[in-house]
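Shown here: query29.cif, mmCIF, C-alpha atoms.
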data_work
#
loop_
_atom_site.label_atom_id
_atom_site.label_comp_id
_atom_site.auth_asym_id
_atom_site.auth_seq_id
_atom_site.Cartn_x
_atom_site.Cartn_y
_atom_site.Cartn_z
CA MET A 365 52.37 -29.36 -184.15
CA SER A 366 53.74 -32.51 -182.63
CA GLY A 367 51.20 -35.04 -181.40
CA LYS A 368 52.84 -35.00 -177.97
CA GLY A 369 52.69 -31.85 -175.86
CA PRO A 370 52.99 -28.37 -177.36
CA GLY A 371 55.75 -29.28 -179.82
CA PHE A 372 58.93 -27.28 -180.34
CA PHE A 373 59.01 -23.60 -181.28
CA SER A 374 59.85 -24.54 -184.87
CA ASP A 375 56.52 -26.43 -185.06
CA ILE A 376 54.49 -23.21 -184.65
CA GLY A 377 52.84 -22.52 -188.01
CA LYS A 378 54.68 -25.44 -189.64
CA SER A 379 51.63 -26.95 -191.37
CA GLY A 380 50.91 -23.71 -193.20
CA ARG A 381 54.58 -23.12 -194.05
CA ASP A 382 54.85 -26.59 -195.56
CA ILE A 383 52.02 -25.85 -198.01
CA LEU A 384 53.49 -22.45 -198.96
CA THR A 385 57.19 -23.37 -199.14
CA LYS A 386 57.95 -27.10 -198.99
CA ASP A 387 59.17 -28.75 -202.25
CA TYR A 388 59.03 -25.51 -204.27
CA ASN A 389 62.37 -25.08 -206.06
CA SER A 390 63.92 -23.66 -209.22
CA ASP A 391 66.79 -26.12 -209.67
CA GLN A 392 67.25 -29.70 -210.83
CA ARG A 393 67.78 -32.24 -208.08
CA PHE A 394 68.38 -35.99 -208.25
CA THR A 395 68.57 -38.10 -205.08
CA ILE A 396 68.99 -41.84 -204.61
CA SER A 397 68.59 -43.41 -201.19
CA SER A 398 68.99 -46.95 -199.87
CA SER A 399 68.56 -48.71 -196.53
CA ALA A 400 69.99 -51.88 -195.06
CA ASN A 401 68.64 -54.13 -192.32
CA SER A 402 71.85 -53.44 -190.37
CA GLY A 403 70.65 -49.88 -189.71
CA LEU A 404 72.83 -48.21 -192.36
CA ASP A 405 71.17 -45.66 -194.67
CA LEU A 406 72.97 -44.16 -197.69
CA LYS A 407 71.85 -41.14 -199.71
CA SER A 408 73.48 -39.35 -202.64
CA THR A 409 72.24 -36.03 -204.06
CA LEU A 410 73.20 -34.14 -207.21
CA VAL A 411 71.95 -30.56 -207.72
CA LYS A 412 72.22 -28.28 -210.75
CA SER A 413 71.34 -24.66 -210.05
CA ARG A 414 72.02 -21.63 -212.27
CA GLY A 415 74.40 -23.65 -214.39
CA LEU A 416 76.46 -24.84 -211.43
CA SER A 417 76.52 -28.44 -210.20
CA SER A 418 77.05 -29.65 -206.65
CA GLY A 419 76.39 -32.79 -204.69
CA ASP A 420 76.74 -34.61 -201.41
CA VAL A 421 76.79 -38.12 -199.98
CA THR A 422 75.25 -38.96 -196.62
CA ALA A 423 75.71 -42.08 -194.51
CA GLU A 424 73.58 -42.66 -191.42
CA PHE A 425 73.97 -45.53 -188.99
CA LYS A 426 71.31 -46.31 -186.35
CA TYR A 427 71.85 -48.57 -183.36
CA LYS A 428 69.26 -48.74 -180.57
CA ASN A 429 68.87 -45.12 -179.35
CA LYS A 430 71.98 -43.80 -181.12
CA VAL A 431 72.35 -42.29 -184.61
CA VAL A 432 75.61 -41.31 -186.31
CA ASN A 433 75.38 -39.21 -189.49
CA PHE A 434 78.20 -38.31 -191.91
CA LYS A 435 77.69 -35.92 -194.82
CA VAL A 436 80.37 -35.04 -197.40
CA ASP A 437 79.78 -32.47 -200.15
CA THR A 438 81.63 -31.45 -203.30
CA ASP A 439 83.17 -28.46 -201.46
CA SER A 440 85.05 -30.92 -199.20
CA ASN A 441 82.93 -30.07 -196.16
CA VAL A 442 82.30 -32.94 -193.76
CA LEU A 443 79.36 -32.68 -191.35
CA THR A 444 79.31 -35.20 -188.51
CA THR A 445 76.29 -35.50 -186.20
CA PHE A 446 75.89 -37.83 -183.22
CA THR A 447 72.42 -38.17 -181.68
CA VAL A 448 71.39 -40.05 -178.54
CA SER A 449 67.68 -40.33 -177.68
CA ASP A 450 66.15 -40.91 -174.24
CA VAL A 451 69.30 -40.19 -172.26
CA VAL A 452 66.66 -39.22 -169.75
CA PRO A 453 62.96 -39.76 -170.54
CA SER A 454 61.68 -37.44 -173.32
CA ALA A 455 65.15 -35.95 -173.95
CA LYS A 456 67.55 -36.08 -176.88
CA THR A 457 71.16 -34.88 -177.15
CA ILE A 458 72.84 -33.89 -180.42
CA ALA A 459 76.53 -33.14 -181.00
CA SER A 460 77.70 -31.89 -184.39
CA ILE A 461 80.74 -30.40 -186.14
CA ARG A 462 81.43 -29.31 -189.71
CA LEU A 463 85.02 -29.77 -190.87
CA PRO A 464 87.33 -28.11 -191.80
CA ASP A 465 85.69 -25.35 -189.67
CA TYR A 466 86.73 -26.50 -186.19
CA ASN A 467 84.76 -23.63 -184.60
CA SER A 468 81.47 -25.02 -185.94
CA GLY A 469 81.04 -27.59 -183.16
CA LYS A 470 77.73 -27.47 -181.34
CA PHE A 471 76.04 -29.39 -178.53
CA GLU A 472 72.24 -29.40 -178.28
CA VAL A 473 69.65 -30.79 -175.88
CA GLN A 474 66.00 -31.28 -176.87
CA TYR A 475 63.24 -32.00 -174.36
CA LEU A 476 59.62 -32.73 -175.25
CA HIS A 477 57.01 -33.49 -172.61
CA ASP A 478 53.24 -33.25 -172.15
CA HIS A 479 53.07 -29.50 -171.39
CA VAL A 480 56.54 -28.12 -172.05
CA ALA A 481 59.26 -28.43 -174.69
CA PHE A 482 62.62 -26.71 -175.08
CA THR A 483 65.88 -26.83 -176.99
CA LEU A 484 69.23 -25.57 -175.74
CA GLY A 485 72.24 -25.32 -178.05
CA VAL A 486 75.75 -24.20 -177.13
CA GLY A 487 78.61 -23.62 -179.55
CA LEU A 488 81.82 -25.46 -178.69
CA THR A 489 84.12 -22.42 -178.80
CA ARG A 490 85.78 -20.14 -176.27
CA SER A 491 83.06 -17.50 -176.71
CA PRO A 492 80.06 -19.60 -177.71
CA ALA A 493 76.68 -18.55 -179.01
CA ILE A 494 73.83 -19.88 -176.86
CA ASP A 495 70.53 -20.71 -178.57
CA PHE A 496 67.38 -21.39 -176.57
CA SER A 497 63.76 -22.01 -177.53
CA GLY A 498 60.84 -23.10 -175.40
CA THR A 499 57.10 -23.70 -175.63
CA MET A 500 54.34 -24.27 -173.08
CA GLY A 501 50.83 -25.58 -173.56
CA THR A 502 49.09 -28.54 -175.15
CA PRO A 503 48.77 -29.97 -178.68
CA SER A 504 45.76 -27.61 -179.10
CA ILE A 505 47.22 -24.31 -177.86
CA ALA A 506 50.79 -23.32 -177.21
CA PHE A 507 52.97 -20.25 -176.64
CA GLY A 508 56.67 -20.17 -177.30
CA ALA A 509 59.77 -18.04 -177.71
CA GLU A 510 63.32 -18.41 -179.02
CA THR A 511 66.46 -16.40 -178.48
CA SER A 512 70.16 -16.41 -179.28
CA TYR A 513 72.83 -14.85 -177.05
CA SER A 514 76.37 -14.06 -178.19
CA THR A 515 78.86 -14.31 -175.33
CA SER A 516 81.51 -12.59 -177.45
CA LEU A 517 79.25 -9.56 -178.04
CA ALA A 518 77.53 -9.86 -174.64
CA LYS A 519 74.10 -9.25 -176.15
CA PHE A 520 71.06 -11.01 -177.58
CA THR A 521 71.28 -11.31 -181.36
CA LYS A 522 67.83 -12.85 -181.89
CA TYR A 523 64.53 -13.08 -180.08
CA ASN A 524 61.18 -14.22 -181.48
CA ALA A 525 57.85 -15.24 -179.99
CA GLY A 526 54.89 -17.23 -181.27
CA LEU A 527 51.38 -18.41 -180.43
CA CYS A 528 49.37 -21.15 -182.10
CA PHE A 529 45.91 -22.70 -181.93
CA LYS A 530 45.02 -26.08 -183.41
CA MET A 531 41.50 -27.39 -183.97
CA PRO A 532 40.36 -30.67 -185.57
CA SER A 533 40.22 -29.26 -189.12
CA SER A 534 42.07 -25.93 -188.84
CA SER A 535 44.95 -24.14 -187.17
CA ALA A 536 46.17 -20.57 -186.71
CA SER A 537 49.46 -19.05 -185.63
CA VAL A 538 51.05 -15.67 -184.91
CA ILE A 539 54.83 -15.21 -184.94
CA LEU A 540 56.61 -12.02 -183.89
CA GLY A 541 60.12 -12.11 -185.35
CA ASP A 542 63.24 -10.13 -186.27
CA LYS A 543 63.50 -8.65 -182.75
CA GLY A 544 59.91 -7.41 -183.00
CA ASP A 545 60.29 -5.85 -186.45
CA SER A 546 58.08 -8.37 -188.27
CA MET A 547 54.84 -10.21 -187.63
CA LYS A 548 53.40 -13.17 -189.49
CA VAL A 549 49.81 -14.39 -189.09
CA SER A 550 48.64 -17.57 -190.81
CA TYR A 551 45.48 -19.67 -190.94
CA LEU A 552 45.05 -23.18 -192.37
CA HIS A 553 41.79 -24.99 -193.02
CA GLN A 554 41.42 -28.55 -194.30
CA LEU A 555 38.65 -29.17 -196.82
CA GLU A 556 36.99 -32.46 -197.70
CA ARG A 557 36.42 -31.23 -201.28
CA LEU A 558 40.22 -31.16 -201.66
CA ASN A 559 40.39 -34.85 -200.71
CA GLY A 560 42.33 -34.09 -197.53
CA GLY A 561 44.09 -31.02 -198.90
CA ALA A 562 43.97 -27.58 -197.32
CA VAL A 563 43.84 -23.85 -197.99
CA VAL A 564 46.22 -21.43 -196.29
CA GLY A 565 46.26 -17.67 -195.87
CA GLU A 566 49.29 -15.80 -194.52
CA ILE A 567 49.83 -12.10 -193.84
CA SER A 568 53.31 -10.85 -193.02
CA ARG A 569 54.26 -7.28 -192.10
CA ARG A 570 57.64 -5.61 -191.62
CA PHE A 571 57.15 -2.60 -189.37
CA SER A 572 60.38 -0.77 -190.26
CA THR A 573 59.43 -0.54 -193.95
CA ASN A 574 55.61 -0.74 -193.66
CA GLU A 575 55.73 -3.60 -196.15
CA ASN A 576 52.85 -6.07 -196.20
CA THR A 577 52.68 -9.39 -198.02
CA LEU A 578 49.53 -11.47 -198.39
CA THR A 579 49.99 -15.05 -199.60
CA VAL A 580 47.26 -17.61 -200.27
CA GLY A 581 47.92 -21.23 -201.11
CA CYS A 582 46.28 -24.62 -201.31
CA SER A 583 47.08 -28.30 -201.62
CA TYR A 584 44.87 -30.77 -203.48
CA VAL A 585 45.17 -34.53 -203.11
CA VAL A 586 44.46 -35.90 -206.58
CA ASP A 587 44.83 -39.50 -205.43
CA SER A 588 46.86 -41.52 -202.94
CA GLN A 589 50.05 -40.96 -205.00
CA THR A 590 49.60 -37.43 -206.38
CA VAL A 591 49.42 -33.99 -204.77
CA LEU A 592 49.03 -30.56 -206.39
CA LYS A 593 50.00 -27.31 -204.64
CA ALA A 594 49.77 -23.65 -205.68
CA LYS A 595 50.37 -20.25 -204.10
CA LEU A 596 49.96 -16.58 -205.04
CA ASN A 597 50.90 -13.38 -203.22
CA ASN A 598 49.86 -9.74 -203.64
CA HIS A 599 53.16 -8.96 -205.43
CA GLY A 600 52.08 -11.19 -208.31
CA ASN A 601 54.32 -14.17 -207.58
CA LEU A 602 52.50 -17.33 -208.71
CA ALA A 603 53.92 -20.82 -208.18
CA ALA A 604 52.63 -24.37 -208.49
CA LEU A 605 53.94 -27.90 -208.17
CA LEU A 606 52.97 -31.48 -208.81
CA GLN A 607 54.35 -34.32 -206.67
CA HIS A 608 53.79 -37.95 -207.64
CA GLU A 609 54.84 -41.05 -205.71
CA LEU A 610 56.30 -43.35 -208.36
CA THR A 611 56.81 -46.27 -206.01
CA ARG A 612 56.86 -46.52 -202.23
CA LYS A 613 58.95 -43.55 -200.93
CA SER A 614 60.13 -42.60 -204.44
CA PHE A 615 58.88 -39.17 -205.56
CA LEU A 616 58.88 -37.03 -208.70
CA THR A 617 58.30 -33.31 -208.11
CA ILE A 618 57.87 -30.69 -210.85
CA SER A 619 57.42 -27.02 -209.92
CA GLY A 620 57.19 -23.70 -211.72
CA ALA A 621 56.90 -20.01 -210.86
CA PHE A 622 56.41 -16.76 -212.74
CA GLU A 623 55.65 -13.08 -212.20
CA THR A 624 52.06 -12.27 -213.16
CA LYS A 625 52.83 -8.51 -213.07
CA ASP A 626 55.85 -8.85 -215.37
CA LEU A 627 55.18 -11.50 -217.99
CA ASP A 628 58.36 -10.55 -219.88
CA LYS A 629 60.41 -12.29 -217.19
CA ASN A 630 61.26 -15.89 -217.89
CA PRO A 631 59.37 -18.38 -215.70
CA LYS A 632 61.37 -20.58 -213.37
CA PHE A 633 61.05 -24.35 -213.38
CA GLY A 634 62.33 -26.95 -210.93
CA PHE A 635 62.65 -30.71 -211.09
CA SER A 636 63.30 -33.17 -208.26
CA LEU A 637 63.56 -36.94 -208.40
CA LEU A 638 63.97 -39.02 -205.24
CA LEU A 639 64.51 -42.74 -205.78
CA LYS A 640 64.48 -45.25 -202.95
CA PRO A 641 64.90 -48.80 -204.32
#

The structure given in the file should be rewritten as structure tokens.
Amino acid sequence: MSGKGPGFFSDIGKSGRDILTKDYNSDQRFTISSSANSGLDLKSTLVKSRGLSSGDVTAEFKYKNKVVNFKVDTDSNVLTTFTVSDVVPSAKTIASIRLPDYNSGKFEVQYLHDHVAFTLGVGLTRSPAIDFSGTMGTPSIAFGAETSYSTSLAKFTKYNAGLCFKMPSSSASVILGDKGDSMKVSYLHQLERLNGGAVVGEISRRFSTNENTLTVGCSYVVDSQTVLKAKLNNHGNLAALLQHELTRKSFLTISGAFETKDLDKNPKFGFSLLLKP
């Protein structure tokens, strides 16, 4: 959760999700990033996945409370985002469009205060989709919900709800999603014996199919530059990764995954290198 107020709806359960999902991948990724004192940041990424290569180049310019971001990929898509912070206290506005899709324009407002936070996004089309999420509470306990309404269909296409508790060395969350068809419960506990790492347990259930998934994971801080993570679920999916900070803000990440119930399947390996001179 955010240190200020209850945080946004997307923050509910984020600490546990990061341990179970963040930086796990099965492709090869190379990224180089640079920054200038003028406020200009440049980043170039090359990805090879399943024999196919793709890439993108991002330029971000910061000036006072304004940020302009341009991203161009190998499919000739251009994403432009313009962000202004503190238009009013604790508020941020974001306008974005992805060309050549002129119907992809979106305007969003984010507000984060001591006991309430919300986001409101409106598509810039004749019949826009309206996305809204909100949370109430404190950094220790918060309740939130999110929804999406299609004006062209005149109905809600998404609604989820969540509840989270955060204690000094642990946190728990419950998220009801997929219009009430799924529920996810997670618990995270930090352990000193893991040098600041943590263990996570997550149970997810889909009511329409009576399918249950139990996932356990952990992170272990080897030293100030190296972190190990691993996860296993009741379907036999085992994955692990090692992330090492080569120099300040430059990271090497190696990950692998395989099916413990079907050892004939080839394991999957991923490689990521982020360089920031």

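Of the residues listed (A:Ser516, A:Leu404, A:Tyr523, A:Ser468), A:Tyr523 shows the shortest atom-to-atom separation from Asp495 (chain A); distances use only C-alpha atoms.
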
Practice prompt. Considering all atoms listed in the file, state which residue in the set A:His553, A:Arg393, A:Lys593, A:His479 is at the smallest distance from Val411 (chain A).
Written response: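 Going through A:His553, A:Arg393, A:Lys593, A:His479 one by one, the smallest distance to Val411 (chain A) is for A:Arg393.
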
Fill in: Selected residue of minimal separation from Val436 (chain A) among A:Asn598, A:Phe529, A:Thr409, A:Lys378, counting all atoms listed in the file
A:Thr409

Residue IDs satisfying the PyMOL selection byres ((chain A and resi 437) around 9), as a CSV table (one decimal) with C-alpha atoms, in the frame of the given file:
chain,number,residue,atom,x,y,z
A,418,SER,CA,77.0,-29.6,-206.6
A,419,GLY,CA,76.4,-32.8,-204.7
A,420,ASP,CA,76.7,-34.6,-201.4
A,421,VAL,CA,76.8,-38.1,-200.0
A,422,THR,CA,75.2,-39.0,-196.6
A,435,LYS,CA,77.7,-35.9,-194.8
A,436,VAL,CA,80.4,-35.0,-197.4
A,438,THR,CA,81.6,-31.4,-203.3
A,439,ASP,CA,83.2,-28.5,-201.5
A,440,SER,CA,85.0,-30.9,-199.2
A,441,ASN,CA,82.9,-30.1,-196.2
A,442,VAL,CA,82.3,-32.9,-193.8
A,443,LEU,CA,79.4,-32.7,-191.4

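Proximity of A:Val451, A:Thr590, A:Leu416, A:Gly371 to Ala481 (chain A), computed with all atoms listed in the file, is greatest for A:Gly371.
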
Discussion item. What's the separation between CA of Pro532 (chain A) and CA of Leu555 (chain A), in Å to one decimal place?
Written reply: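 Between CA of Pro532 (chain A) and CA of Leu555 (chain A) the gap works out to 11.5 Å.
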
Long-range neighbours of Glu609 (chain A) as an mmCIF file with C-alpha atoms, keeping the file's coordinate frame, 8 Å cut-off, all atoms listed in the file, 6 positions minimum in chain:
data_model
loop_
_atom_site.group_PDB
_atom_site.id
_atom_site.type_symbol
_atom_site.label_atom_id
_atom_site.label_comp_id
_atom_site.auth_asym_id
_atom_site.auth_seq_id
_atom_site.Cartn_x
_atom_site.Cartn_y
_atom_site.Cartn_z
ATOM 1 C CA GLN A 589 50.050 -40.960 -205.000
ATOM 2 C CA THR A 590 49.600 -37.430 -206.380
ATOM 3 C CA PHE A 615 58.880 -39.170 -205.560
ATOM 4 C CA LEU A 616 58.880 -37.030 -208.700
#

Worksheet entry | Residues near Gly581 (chain A), cut-off 8 Å, only C-alpha atoms, skip fewer than 6 positions along chain, as JSON, numbers by chain | {"A": [383, 384, 563, 564, 565, 593, 594, 595, 596]}

Item to complete: I need the residue set behind the PyMOL selection byres ((chain A and resi 584) around 9) for this file; please write it as a list of chain:residue names.
Response: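 With the PyMOL selection byres ((chain A and resi 584) around 9) on this model, the match is A:Arg557, A:Leu558, A:Asn559, A:Gly560, A:Gly561, A:Ala562, A:Val563, A:Cys582, A:Ser583, A:Val585, A:Val586, A:Asp587, A:Thr590, A:Val591, A:Leu592, A:Lys593, A:Ala594.
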
Worksheet entry | Long-range neighbours of Glu510 (chain A) as a ChimeraX atom specification, 9 Å cut-off, all atoms listed in the file, 6 positions minimum in chain | /A:373,495-499,522-526

Discussion item. Which residue is closest to Thr579 (chain A)? Choose from A:Ser390, A:Ile376, A:Thr385, A:Asp545 and count only C-alpha atoms.
Written reply: A:Thr385

Item to complete: Evaluate the PyMOL selection byres ((chain A and resi 638) around 7) here and jot the selected residues down as a list in words.
Response: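 Given this file, the PyMOL selection byres ((chain A and resi 638) around 7) evaluates to Phe394, Thr395, Ile396, Ser614, Phe615, Leu616, Ser636, Leu637, Leu639 and Lys640 of chain A.
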
Coordinates of box centre and edge lengths for region 617-628 of chain A, 8 Å on every side, axis-aligned, as lines of an AutoDock Vina configuration file:
center_x = 55.2
center_y = -20.9
center_z = -214.0
size_x = 22.3
size_y = 40.8
size_z = 27.8

Item to complete: Counting all atoms listed in the file, select every polymer residue within 7 Å of (56.4, -29.2, -210.4) as defined in the file's coordinates, and provide the selection as number ranges by chain.
Response: A: 604-607, 617-620, 634-635
